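Novice: Coordinates in model_22.pdb, PDB, C-alpha atoms and all ligand atoms, are listed below.
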```pdb
ATOM      1  CA  MET I 556    -104.443  18.550 -26.250
ATOM      2  CA  GLN I 557    -104.788  19.938 -22.752
ATOM      3  CA  ALA I 558    -106.259  17.188 -20.639
ATOM      4  CA  LEU I 559    -109.800  17.822 -19.574
ATOM      5  CA  GLU I 560    -111.238  14.747 -18.035
ATOM      6  CA  ARG I 561    -114.898  14.177 -17.489
ATOM      7  CA  GLY I 562    -115.822  14.926 -13.909
ATOM      8  CA  GLU I 563    -112.594  16.859 -13.320
ATOM      9  CA  GLY I 564    -114.517  19.643 -11.639
ATOM     10  CA  PRO I 565    -117.350  21.932 -12.454
ATOM     11  CA  TYR I 566    -117.446  23.047 -16.045
ATOM     12  CA  VAL I 567    -119.215  26.261 -17.023
ATOM     13  CA  GLY I 568    -119.208  27.142 -20.686
ATOM     14  CA  ARG I 569    -120.926  29.874 -22.622
ATOM     15  CA  PHE I 570    -122.026  31.150 -25.991
ATOM     16  CA  ALA I 571    -121.772  34.897 -26.396
ATOM     17  CA  PRO I 572    -123.382  36.077 -29.643
ATOM     18  CA  SER I 573    -123.529  39.702 -30.714
ATOM     19  CA  PRO I 574    -127.144  40.522 -31.639
ATOM     20  CA  THR I 575    -126.168  42.237 -34.856
ATOM     21  CA  GLY I 576    -128.208  39.949 -37.096
ATOM     22  CA  ASN I 577    -129.510  36.420 -37.310
ATOM     23  CA  LEU I 578    -127.478  33.366 -36.408
ATOM     24  CA  HIS I 579    -125.422  32.316 -39.431
ATOM     25  CA  LEU I 580    -123.447  29.162 -40.086
ATOM     26  CA  GLY I 581    -120.225  30.450 -38.509
ATOM     27  CA  SER I 582    -121.965  31.287 -35.253
ATOM     28  CA  LEU I 583    -123.946  28.019 -35.292
ATOM     29  CA  VAL I 584    -120.642  26.135 -35.481
ATOM     30  CA  ALA I 585    -119.363  28.064 -32.435
ATOM     31  CA  ALA I 586    -122.630  27.496 -30.570
ATOM     32  CA  VAL I 587    -122.685  23.757 -31.329
ATOM     33  CA  GLY I 588    -118.987  23.342 -30.450
ATOM     34  CA  SER I 589    -119.289  25.081 -27.098
ATOM     35  CA  PHE I 590    -122.611  23.392 -26.255
ATOM     36  CA  VAL I 591    -121.467  19.876 -27.089
ATOM     37  CA  ASP I 592    -118.143  20.342 -25.310
ATOM     38  CA  ALA I 593    -119.938  21.630 -22.187
ATOM     39  CA  ARG I 594    -122.514  18.834 -22.137
ATOM     40  CA  HIS I 595    -119.876  16.197 -22.871
ATOM     41  CA  HIS I 596    -118.162  17.337 -19.675
ATOM     42  CA  SER I 597    -121.497  17.371 -17.786
ATOM     43  CA  GLY I 598    -121.138  21.133 -17.651
ATOM     44  CA  ARG I 599    -123.440  24.094 -17.593
ATOM     45  CA  TRP I 600    -123.873  26.177 -20.731
ATOM     46  CA  LEU I 601    -124.767  29.836 -20.465
ATOM     47  CA  VAL I 602    -125.815  32.358 -23.085
ATOM     48  CA  ARG I 603    -124.715  35.964 -22.966
ATOM     49  CA  MET I 604    -125.857  38.647 -25.382
ATOM     50  CA  GLU I 605    -122.948  40.895 -26.269
ATOM     51  CA  ASP I 606    -125.105  43.893 -27.000
ATOM     52  CA  LEU I 607    -122.825  46.778 -26.008
ATOM     53  CA  ASP I 608    -122.117  47.999 -29.520
ATOM     54  CA  THR I 609    -125.479  49.741 -29.778
ATOM     55  CA  PRO I 610    -124.917  51.240 -33.246
ATOM     56  CA  ARG I 611    -124.483  47.689 -34.603
ATOM     57  CA  VAL I 612    -127.228  46.011 -32.576
ATOM     58  CA  VAL I 613    -130.199  45.046 -34.751
ATOM     59  CA  PRO I 614    -133.472  45.386 -32.815
ATOM     60  CA  GLY I 615    -135.156  42.011 -32.419
ATOM     61  CA  SER I 616    -132.069  39.987 -33.290
ATOM     62  CA  ALA I 617    -131.343  38.970 -29.677
ATOM     63  CA  SER I 618    -134.695  37.238 -29.392
ATOM     64  CA  ALA I 619    -134.386  35.851 -32.926
ATOM     65  CA  ILE I 620    -131.027  34.291 -31.963
ATOM     66  CA  LEU I 621    -132.514  32.772 -28.800
ATOM     67  CA  ARG I 622    -135.474  31.313 -30.728
ATOM     68  CA  THR I 623    -133.036  29.853 -33.263
ATOM     69  CA  LEU I 624    -130.910  28.282 -30.519
ATOM     70  CA  GLU I 625    -134.073  26.709 -29.085
ATOM     71  CA  ALA I 626    -135.103  25.404 -32.488
ATOM     72  CA  PHE I 627    -131.693  23.704 -32.771
ATOM     73  CA  GLY I 628    -132.125  22.137 -29.335
ATOM     74  CA  LEU I 629    -129.309  24.257 -27.888
ATOM     75  CA  THR I 630    -130.919  24.874 -24.523
ATOM     76  CA  TRP I 631    -129.034  27.032 -22.072
ATOM     77  CA  ASP I 632    -128.946  27.036 -18.292
ATOM     78  CA  GLY I 633    -130.211  29.915 -16.178
ATOM     79  CA  GLU I 634    -131.150  33.356 -17.367
ATOM     80  CA  VAL I 635    -129.678  34.908 -20.484
ATOM     81  CA  GLU I 636    -127.217  37.652 -19.507
ATOM     82  CA  TYR I 637    -127.241  40.983 -21.357
ATOM     83  CA  GLN I 638    -124.118  43.116 -21.311
ATOM     84  CA  SER I 639    -126.209  46.261 -21.676
ATOM     85  CA  ARG I 640    -127.525  45.621 -18.155
ATOM     86  CA  ARG I 641    -124.076  45.347 -16.625
ATOM     87  CA  LEU I 642    -122.532  48.720 -17.358
ATOM     88  CA  GLU I 643    -121.689  49.457 -13.734
ATOM     89  CA  ARG I 644    -119.491  46.337 -13.644
ATOM     90  CA  TYR I 645    -117.455  47.665 -16.560
ATOM     91  CA  VAL I 646    -117.224  51.100 -14.937
ATOM     92  CA  SER I 647    -115.711  49.585 -11.810
ATOM     93  CA  ALA I 648    -113.282  47.391 -13.767
ATOM     94  CA  LEU I 649    -112.131  50.414 -15.735
ATOM     95  CA  GLU I 650    -111.757  52.421 -12.512
ATOM     96  CA  ALA I 651    -109.712  49.620 -10.968
ATOM     97  CA  LEU I 652    -107.352  49.588 -13.953
ATOM     98  CA  ARG I 653    -107.147  53.370 -13.952
ATOM     99  CA  ALA I 654    -106.324  53.435 -10.214
ATOM    100  CA  ARG I 655    -103.368  51.151 -10.953
ATOM    101  CA  GLY I 656    -102.092  53.436 -13.693
ATOM    102  CA  LEU I 657    -102.881  50.811 -16.319
ATOM    103  CA  THR I 658    -104.976  53.022 -18.601
ATOM    104  CA  PHE I 659    -104.520  56.199 -20.577
ATOM    105  CA  GLU I 660    -106.788  58.447 -22.572
ATOM    106  CA  CYS I 661    -106.211  58.487 -26.303
ATOM    107  CA  SER I 662    -107.365  61.166 -28.725
ATOM    108  CA  CYS I 663    -106.138  59.398 -31.874
ATOM    109  CA  THR I 664    -108.771  59.036 -34.534
ATOM    110  CA  ARG I 665    -108.937  56.087 -36.855
ATOM    111  CA  ARG I 666    -107.730  58.336 -39.645
ATOM    112  CA  GLU I 667    -104.718  59.496 -37.623
ATOM    113  CA  LEU I 668    -103.738  55.923 -36.897
ATOM    114  CA  GLY I 669    -104.211  54.982 -40.530
ATOM    115  CA  ALA I 670    -102.733  51.656 -41.465
ATOM    116  CA  ASN I 671    -101.317  51.338 -37.953
ATOM    117  CA  THR I 672    -104.554  49.982 -36.534
ATOM    118  CA  GLU I 673    -103.688  46.599 -38.030
ATOM    119  CA  ARG I 674    -100.208  46.473 -36.536
ATOM    120  CA  GLY I 675    -100.998  47.607 -33.056
ATOM    121  CA  TYR I 676    -101.161  51.005 -31.447
ATOM    122  CA  PRO I 677     -97.927  52.999 -31.755
ATOM    123  CA  GLY I 678     -98.217  54.499 -28.254
ATOM    124  CA  THR I 679     -98.931  58.042 -29.440
ATOM    125  CA  CYS I 680    -101.007  59.189 -26.424
ATOM    126  CA  ARG I 681     -99.241  57.174 -23.724
ATOM    127  CA  SER I 682     -98.157  60.337 -21.927
ATOM    128  CA  GLY I 683    -101.398  62.223 -22.554
ATOM    129  CA  PRO I 684    -103.920  62.846 -25.327
ATOM    130  CA  ARG I 685    -102.363  64.654 -28.287
ATOM    131  CA  HIS I 686    -105.298  66.936 -28.920
ATOM    132  CA  PRO I 687    -108.506  68.073 -27.230
ATOM    133  CA  GLY I 688    -111.805  66.376 -27.938
ATOM    134  CA  PRO I 689    -113.308  63.006 -27.118
ATOM    135  CA  THR I 690    -110.917  60.282 -26.031
ATOM    136  CA  ALA I 691    -110.943  56.514 -25.920
ATOM    137  CA  THR I 692    -109.451  54.683 -22.945
ATOM    138  CA  ARG I 693    -106.672  52.221 -23.679
ATOM    139  CA  PHE I 694    -105.176  49.469 -21.544
ATOM    140  CA  ARG I 695    -101.468  50.131 -21.152
ATOM    141  CA  VAL I 696     -99.757  46.966 -22.322
ATOM    142  CA  PRO I 697     -96.345  46.318 -20.743
ATOM    143  CA  ASP I 698     -93.488  47.134 -23.127
ATOM    144  CA  GLU I 699     -92.091  43.651 -23.266
ATOM    145  CA  ARG I 700     -94.764  41.153 -22.729
ATOM    146  CA  THR I 701     -95.538  37.893 -24.369
ATOM    147  CA  VAL I 702     -98.593  35.924 -23.348
ATOM    148  CA  GLU I 703     -98.424  32.156 -23.511
ATOM    149  CA  PHE I 704    -101.240  29.712 -22.990
ATOM    150  CA  VAL I 705    -102.203  26.226 -24.028
ATOM    151  CA  ASP I 706    -105.343  26.223 -26.100
ATOM    152  CA  ARG I 707    -107.301  22.977 -25.800
ATOM    153  CA  PHE I 708    -107.646  22.674 -29.554
ATOM    154  CA  GLN I 709    -104.887  24.851 -30.976
ATOM    155  CA  GLY I 710    -102.134  23.775 -28.585
ATOM    156  CA  ALA I 711     -99.353  26.076 -27.361
ATOM    157  CA  CYS I 712    -100.002  29.703 -28.270
ATOM    158  CA  ARG I 713     -97.670  32.625 -27.867
ATOM    159  CA  PHE I 714     -98.493  36.257 -28.575
ATOM    160  CA  ASP I 715     -96.306  39.334 -28.472
ATOM    161  CA  LEU I 716     -98.654  41.619 -26.589
ATOM    162  CA  ALA I 717     -96.454  44.683 -26.957
ATOM    163  CA  ALA I 718     -96.650  44.336 -30.749
ATOM    164  CA  ALA I 719    -100.421  43.943 -30.547
ATOM    165  CA  GLY I 720    -100.473  47.243 -28.695
ATOM    166  CA  ASP I 721    -102.503  49.093 -26.087
ATOM    167  CA  VAL I 722    -106.007  47.839 -26.645
ATOM    168  CA  ILE I 723    -109.092  50.074 -26.440
ATOM    169  CA  ILE I 724    -111.261  49.225 -23.452
ATOM    170  CA  ARG I 725    -113.681  52.140 -23.759
ATOM    171  CA  ARG I 726    -114.351  53.714 -27.120
ATOM    172  CA  ARG I 727    -114.432  57.420 -27.954
ATOM    173  CA  ASP I 728    -118.221  57.227 -28.116
ATOM    174  CA  GLY I 729    -118.225  56.007 -24.498
ATOM    175  CA  ILE I 730    -119.110  52.403 -25.320
ATOM    176  CA  PHE I 731    -117.183  49.788 -23.364
ATOM    177  CA  ALA I 732    -115.137  47.636 -25.670
ATOM    178  CA  TYR I 733    -115.567  43.897 -26.070
ATOM    179  CA  GLN I 734    -112.112  43.085 -24.615
ATOM    180  CA  LEU I 735    -112.934  44.602 -21.234
ATOM    181  CA  ALA I 736    -116.543  43.438 -21.033
ATOM    182  CA  VAL I 737    -115.777  39.830 -21.975
ATOM    183  CA  VAL I 738    -113.172  39.518 -19.217
ATOM    184  CA  VAL I 739    -115.469  40.962 -16.554
ATOM    185  CA  ASP I 740    -118.402  38.814 -17.671
ATOM    186  CA  ASP I 741    -116.510  35.543 -17.992
ATOM    187  CA  ALA I 742    -115.289  36.050 -14.399
ATOM    188  CA  ASP I 743    -118.659  37.176 -12.995
ATOM    189  CA  GLN I 744    -120.440  34.242 -14.638
ATOM    190  CA  GLY I 745    -117.867  31.787 -13.308
ATOM    191  CA  ILE I 746    -116.931  30.587 -16.803
ATOM    192  CA  THR I 747    -114.339  27.812 -16.640
ATOM    193  CA  ASP I 748    -114.218  27.044 -20.362
ATOM    194  CA  VAL I 749    -114.346  29.473 -23.245
ATOM    195  CA  VAL I 750    -114.985  27.623 -26.500
ATOM    196  CA  ARG I 751    -115.350  29.994 -29.475
ATOM    197  CA  GLY I 752    -114.105  30.724 -32.964
ATOM    198  CA  ALA I 753    -110.399  30.923 -33.733
ATOM    199  CA  ASP I 754    -110.898  34.439 -35.095
ATOM    200  CA  LEU I 755    -110.734  35.422 -31.417
ATOM    201  CA  LEU I 756    -107.453  33.623 -30.724
ATOM    202  CA  PRO I 757    -105.334  36.832 -30.863
ATOM    203  CA  SER I 758    -107.824  38.603 -28.545
ATOM    204  CA  THR I 759    -107.161  35.938 -25.926
ATOM    205  CA  ALA I 760    -103.737  37.463 -25.234
ATOM    206  CA  TRP I 761    -105.287  40.809 -24.272
ATOM    207  CA  GLN I 762    -107.973  39.051 -22.284
ATOM    208  CA  ILE I 763    -105.426  37.099 -20.250
ATOM    209  CA  ALA I 764    -103.428  40.306 -19.597
ATOM    210  CA  LEU I 765    -106.614  42.082 -18.487
ATOM    211  CA  GLN I 766    -107.555  39.173 -16.216
ATOM    212  CA  GLU I 767    -104.142  39.397 -14.566
ATOM    213  CA  ALA I 768    -104.393  43.175 -14.161
ATOM    214  CA  LEU I 769    -107.854  42.837 -12.592
ATOM    215  CA  GLY I 770    -106.960  39.849 -10.419
ATOM    216  CA  LEU I 771    -109.472  37.619 -12.220
ATOM    217  CA  PRO I 772    -109.067  33.904 -12.963
ATOM    218  CA  THR I 773    -108.144  32.773 -16.468
ATOM    219  CA  PRO I 774    -110.531  30.175 -17.883
ATOM    220  CA  ARG I 775    -109.418  27.340 -20.145
ATOM    221  CA  TYR I 776    -109.619  28.322 -23.802
ATOM    222  CA  GLY I 777    -110.511  26.211 -26.789
ATOM    223  CA  HIS I 778    -110.644  27.877 -30.199
ATOM    224  CA  LEU I 779    -112.711  26.193 -32.880
ATOM    225  CA  PRO I 780    -111.912  26.363 -36.582
ATOM    226  CA  VAL I 781    -113.430  29.204 -38.539
ATOM    227  CA  VAL I 782    -115.665  28.307 -41.496
ATOM    228  CA  VAL I 783    -114.080  29.298 -44.818
ATOM    229  CA  GLU I 784    -114.919  28.921 -48.505
ATOM    230  CA  PRO I 785    -114.104  25.563 -50.195
ATOM    231  CA  ASP I 786    -110.898  27.122 -51.621
ATOM    232  CA  GLY I 787    -109.798  28.292 -48.175
ATOM    233  CA  SER I 788    -110.600  31.948 -48.730
ATOM    234  CA  LYS I 789    -112.532  34.012 -46.214
ATOM    235  CA  LEU I 790    -116.237  33.187 -46.132
ATOM    236  CA  ALA I 791    -117.960  35.318 -48.760
ATOM    237  CA  LYS I 792    -120.101  38.105 -47.404
ATOM    238  CA  SER I 793    -123.133  36.731 -49.243
ATOM    239  CA  ARG I 794    -122.711  33.461 -47.369
ATOM    240  CA  ARG I 795    -121.954  35.090 -44.018
ATOM    241  CA  SER I 796    -125.228  36.937 -44.083
ATOM    242  CA  VAL I 797    -127.354  33.853 -44.804
ATOM    243  CA  PRO I 798    -129.223  32.935 -41.619
ATOM    244  CA  VAL I 799    -129.294  29.279 -40.631
ATOM    245  CA  ASP I 800    -132.643  27.630 -41.241
ATOM    246  CA  PRO I 801    -134.375  26.708 -37.984
ATOM    247  CA  ALA I 802    -136.963  24.771 -39.981
ATOM    248  CA  ASN I 803    -134.334  22.073 -40.675
ATOM    249  CA  PRO I 804    -132.487  21.813 -37.376
ATOM    250  CA  ALA I 805    -131.082  18.282 -37.831
ATOM    251  CA  GLU I 806    -129.612  19.253 -41.186
ATOM    252  CA  GLY I 807    -127.976  22.385 -39.749
ATOM    253  CA  LEU I 808    -126.611  20.477 -36.751
ATOM    254  CA  ILE I 809    -125.156  17.764 -38.954
ATOM    255  CA  GLN I 810    -123.547  20.386 -41.167
ATOM    256  CA  ALA I 811    -122.072  22.180 -38.109
ATOM    257  CA  LEU I 812    -120.818  18.907 -36.605
ATOM    258  CA  THR I 813    -119.251  17.862 -39.896
ATOM    259  CA  LEU I 814    -117.480  21.220 -40.103
ATOM    260  CA  LEU I 815    -116.229  20.466 -36.579
ATOM    261  CA  ARG I 816    -114.685  17.237 -37.965
ATOM    262  CA  GLN I 817    -117.209  14.982 -36.256
ATOM    263  CA  THR I 818    -118.814  12.132 -38.186
ATOM    264  CA  PRO I 819    -122.564  12.086 -37.507
ATOM    265  CA  PRO I 820    -124.216   9.038 -39.107
ATOM    266  CA  PRO I 821    -126.389  10.095 -42.085
ATOM    267  CA  ALA I 822    -129.378   8.351 -40.488
ATOM    268  CA  LEU I 823    -129.551  11.162 -37.937
ATOM    269  CA  ALA I 824    -130.790  13.517 -40.666
ATOM    270  CA  GLY I 825    -134.440  12.766 -40.041
ATOM    271  CA  GLU I 826    -134.214  12.901 -36.255
ATOM    272  CA  PRO I 827    -135.234  15.680 -33.888
ATOM    273  CA  PRO I 828    -132.381  18.004 -32.854
ATOM    274  CA  ALA I 829    -132.151  16.529 -29.335
ATOM    275  CA  VAL I 830    -131.283  13.122 -30.834
ATOM    276  CA  VAL I 831    -128.559  14.591 -33.050
ATOM    277  CA  LEU I 832    -127.101  16.530 -30.131
ATOM    278  CA  ASP I 833    -127.271  13.506 -27.873
ATOM    279  CA  TRP I 834    -125.219  11.562 -30.420
ATOM    280  CA  ALA I 835    -122.756  14.467 -30.648
ATOM    281  CA  ILE I 836    -122.362  14.742 -26.867
ATOM    282  CA  ARG I 837    -121.695  11.032 -26.469
ATOM    283  CA  ASN I 838    -119.342  10.847 -29.424
ATOM    284  CA  TRP I 839    -117.565  14.200 -29.081
ATOM    285  CA  ARG I 840    -113.997  13.939 -30.416
ATOM    286  CA  PRO I 841    -112.313  17.294 -29.780
ATOM    287  CA  ASP I 842    -108.954  15.673 -30.633
ATOM    288  CA  ARG I 843    -110.061  15.960 -34.271
ATOM    289  CA  LEU I 844    -109.857  19.735 -33.930
ATOM    290  CA  GLN I 845    -106.221  19.668 -32.914
ATOM    291  CA  GLY I 846    -104.423  22.460 -34.754
ATOM    292  CA  VAL I 847    -107.365  23.028 -37.115
ATOM    293  CA  LEU I 848    -107.783  26.784 -37.550
ATOM    294  CA  GLU I 849    -110.035  26.713 -40.588
ATOM    295  CA  THR I 850    -112.770  24.401 -41.788
ATOM    296  CA  PRO I 851    -113.690  24.721 -45.455
ATOM    297  CA  LEU I 852    -117.241  24.302 -46.702
ATOM    298  CA  PRO I 853    -117.648  21.328 -49.040
ATOM    299  CA  VAL I 854    -117.638  21.971 -52.768
ATOM    300  CA  VAL I 855    -121.194  21.758 -54.075
TER     301      VAL I 855
HETATM  302  N1  LIG F 901    -119.575  38.316 -29.246
HETATM  303  C1  LIG F 901    -118.463  37.727 -29.920
HETATM  304  C2  LIG F 901    -118.876  37.359 -31.328
HETATM  305  O1  LIG F 901    -120.055  37.216 -31.599
HETATM  306  C3  LIG F 901    -117.960  36.462 -29.266
HETATM  307  C4  LIG F 901    -117.166  36.757 -28.090
HETATM  308  C5  LIG F 901    -116.583  35.551 -27.365
HETATM  309  O2  LIG F 901    -117.031  34.418 -27.549
HETATM  310  O3  LIG F 901    -115.677  35.784 -26.572
HETATM  311  O4  LIG F 901    -118.003  37.235 -32.164
END
```
Could you express the structure from this file as structure tokens?
Specialist:
Amino acid sequence: MQALERGEGPYVGRFAPSPTGNLHLGSLVAAVGSFVDARHHSGRWLVRMEDLDTPRVVPGSASAILRTLEAFGLTWDGEVEYQSRRLERYVSALEALRARGLTFECSCTRRELGANTERGYPGTCRSGPRHPGPTATRFRVPDERTVEFVDRFQGACRFDLAAAGDVIIRRRDGIFAYQLAVVVDDADQGITDVVRGADLLPSTAWQIALQEALGLPTPRYGHLPVVVEPDGSKLAKSRRSVPVDPANPAEGLIQALTLLRQTPPPALAGEPPAVVLDWAIRNWRPDRLQGVLETPLPVV
């Protein structure tokens, strides 16, 4: 595990939910993991609403998420940041990349790309859009580029960026893509430590390449295991859509901590959330997450 000693320097962590629904167990695990890790290192913990994907944003869910975090005792520092208020920052980042010849316009539709979307972009529009009409903007990934980093929990990671392909940074509908916005925001908010779900591990390679292209610092990364079904299969949709219950915060925290391989004493069950979190902060054992990409729910 990458050494991260207490008091090594300022620590600024964050939780960056997308307000596309209520907080569910998977996102509670990410919130608890990043919060406890930040507080264990005497760090700050910020909340950022990733509300750029307006067609998917559910009205009222941003405030519902914040109320739920409060109910679980996950109190953040400073003001909540909203990506929708920061569009001009993404415009200037995109312009900076464009000025360096690191972007191109792409007219490919999802249908044209077909199965290719999973295997990376084949480079179709690299020398210009193939047909008229709306275009997305892609980040031109160098032809031979691997990105290597040491993840605090997952260890040495290596991604073939060229195979992942030229990532979309502004969609055809004009919406700035997550990969660009997250890099700009993490830098602007002075984030030193990104702790989030391992589903975003492959995205980290693009984010590091974008940070380099924009001259931005690379934070430390720590990817937490993703919650899966007891048999190891992907969490069922029915379960993913179940909101966590803010009426029983200690229970939810204990469940999240257990999924994070911590061992909260059962006696904490009746305590207020601050007591459970205080135990978790003092007894945080991130070494137990070493190489753990998935955390299955218990069989009931
Ligand atoms: N908004 C993303 C999500 O809810 C998280 C992004 C991140 O932590 O970098 O999955």
Novice: Using all atoms listed in the file, find each residue of chain I with at least one atom at most 6 Å away from an atom of ligand LIG 901 (chain F); report its shortest atom-to-atom pair and that distance in Å (one decimal), sort the rows by chain and rising residue number, and return the result as JSON lines.
Specialist:
```
{"residue": "I:Ala571", "atom": "CA", "partner": "F:LIG901", "partner_atom": "O2", "distance": 4.9}
{"residue": "I:Pro572", "atom": "CA", "partner": "F:LIG901", "partner_atom": "O1", "distance": 4.0}
{"residue": "I:Ser573", "atom": "CA", "partner": "F:LIG901", "partner_atom": "O1", "distance": 4.4}
{"residue": "I:Glu605", "atom": "CA", "partner": "F:LIG901", "partner_atom": "N1", "distance": 5.2}
{"residue": "I:Arg751", "atom": "CA", "partner": "F:LIG901", "partner_atom": "O2", "distance": 5.1}
```
Novice: Do you know which residues the PyMOL selection byres (((chain I and resi 583-593) around 7) and not hetatm) returns on this file, as a list in words?
Specialist: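 That expression, the PyMOL selection byres (((chain I and resi 583-593) around 7) and not hetatm), corresponds here to Tyr566, Val567, Gly568, Arg569, Phe570, Leu578, His579, Leu580, Gly581, Ser582, Arg594, His595, His596, Ser597, Gly598, Arg599, Trp600, Leu629, Val750, Arg751, Gly752, Leu779, Ala811, Ala835 and Ile836 of chain I.
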Novice: In Å to one decimal, how far is atom CA of I:Leu716 from atom CA of I:Gly675?
Specialist: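 It comes out at 9.1 Å.
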Novice: May I ask which of the residues I:Ser758, I:Thr664, I:Asn577, I:Thr692 is the closest one to I:Ile730, counting all atoms listed in the file?
Specialist: I:Thr692
Novice: Apply the PyMOL selection byres (((chain I and resi 733) around 12) and not hetatm) to the structure shown and report the selected residues as a PyMOL selection string.
Specialist: chain I and resi 571-573+604-608+638-639+645+722-726+730-732+734-741+755+758-759+761-762+765
Novice: Take the residues just selected and output them with C-alpha atoms as a PDB file, in the frame of the given file.
Specialist:
```
ATOM      1  CA  ALA I 571    -121.772  34.897 -26.396  1.00  0.00           C
ATOM      2  CA  PRO I 572    -123.382  36.077 -29.643  1.00  0.00           C
ATOM      3  CA  SER I 573    -123.529  39.702 -30.714  1.00  0.00           C
ATOM      4  CA  MET I 604    -125.857  38.647 -25.382  1.00  0.00           C
ATOM      5  CA  GLU I 605    -122.948  40.895 -26.269  1.00  0.00           C
ATOM      6  CA  ASP I 606    -125.105  43.893 -27.000  1.00  0.00           C
ATOM      7  CA  LEU I 607    -122.825  46.778 -26.008  1.00  0.00           C
ATOM      8  CA  ASP I 608    -122.117  47.999 -29.520  1.00  0.00           C
ATOM      9  CA  GLN I 638    -124.118  43.116 -21.311  1.00  0.00           C
ATOM     10  CA  SER I 639    -126.209  46.261 -21.676  1.00  0.00           C
ATOM     11  CA  TYR I 645    -117.455  47.665 -16.560  1.00  0.00           C
ATOM     12  CA  VAL I 722    -106.007  47.839 -26.645  1.00  0.00           C
ATOM     13  CA  ILE I 723    -109.092  50.074 -26.440  1.00  0.00           C
ATOM     14  CA  ILE I 724    -111.261  49.225 -23.452  1.00  0.00           C
ATOM     15  CA  ARG I 725    -113.681  52.140 -23.759  1.00  0.00           C
ATOM     16  CA  ARG I 726    -114.351  53.714 -27.120  1.00  0.00           C
ATOM     17  CA  ILE I 730    -119.110  52.403 -25.320  1.00  0.00           C
ATOM     18  CA  PHE I 731    -117.183  49.788 -23.364  1.00  0.00           C
ATOM     19  CA  ALA I 732    -115.137  47.636 -25.670  1.00  0.00           C
ATOM     20  CA  GLN I 734    -112.112  43.085 -24.615  1.00  0.00           C
ATOM     21  CA  LEU I 735    -112.934  44.602 -21.234  1.00  0.00           C
ATOM     22  CA  ALA I 736    -116.543  43.438 -21.033  1.00  0.00           C
ATOM     23  CA  VAL I 737    -115.777  39.830 -21.975  1.00  0.00           C
ATOM     24  CA  VAL I 738    -113.172  39.518 -19.217  1.00  0.00           C
ATOM     25  CA  VAL I 739    -115.469  40.962 -16.554  1.00  0.00           C
ATOM     26  CA  ASP I 740    -118.402  38.814 -17.671  1.00  0.00           C
ATOM     27  CA  ASP I 741    -116.510  35.543 -17.992  1.00  0.00           C
ATOM     28  CA  LEU I 755    -110.734  35.422 -31.417  1.00  0.00           C
ATOM     29  CA  SER I 758    -107.824  38.603 -28.545  1.00  0.00           C
ATOM     30  CA  THR I 759    -107.161  35.938 -25.926  1.00  0.00           C
ATOM     31  CA  TRP I 761    -105.287  40.809 -24.272  1.00  0.00           C
ATOM     32  CA  GLN I 762    -107.973  39.051 -22.284  1.00  0.00           C
ATOM     33  CA  LEU I 765    -106.614  42.082 -18.487  1.00  0.00           C
TER      34      LEU I 765
END
```
Novice: Taking the file as shown, find all residues satisfying the PyMOL selection byres (((chain I and resi 619-622) around 10) and not hetatm) and write them as a list in words.
Specialist: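 For this structure, the PyMOL selection byres (((chain I and resi 619-622) around 10) and not hetatm) captures Pro572, Ser573, Pro574, Thr575, Gly576, Asn577, Leu578, His579, Val602, Met604, Pro614, Gly615, Ser616, Ala617, Ser618, Thr623, Leu624, Glu625, Ala626, Phe627, Gly628, Leu629, Thr630, Trp631, Val635, Pro798 and Pro801 of chain I.
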Novice: I'd like the contact shell of stretch 808-810 of chain I - 7 Å cut-off, only C-alpha atoms, skipping same-chain residues fewer than 4 positions apart - returned as a list in words.
Specialist: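 Contacts, in chain order: Pro804, Leu814 and Pro819 of chain I.
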Novice: Give me, as a PyMOL selection string, all polymer residues having an atom no more than 7 Å from I:Gly846, counting all atoms listed in the file and skipping those fewer than 3 positions away in the same chain.
Specialist: chain I and resi 708-710
Novice: Please produce a file of the residues just selected, as a compact mmCIF listing (two decimals), keeping the file's coordinate frame, where the atoms kept are C-alpha atoms.
Specialist:
```txt
# COMPACT_ATOMS: atom_id res chain seq x y z
CA PHE I 708 -107.65 22.67 -29.55
CA GLN I 709 -104.89 24.85 -30.98
CA GLY I 710 -102.13 23.78 -28.58
```
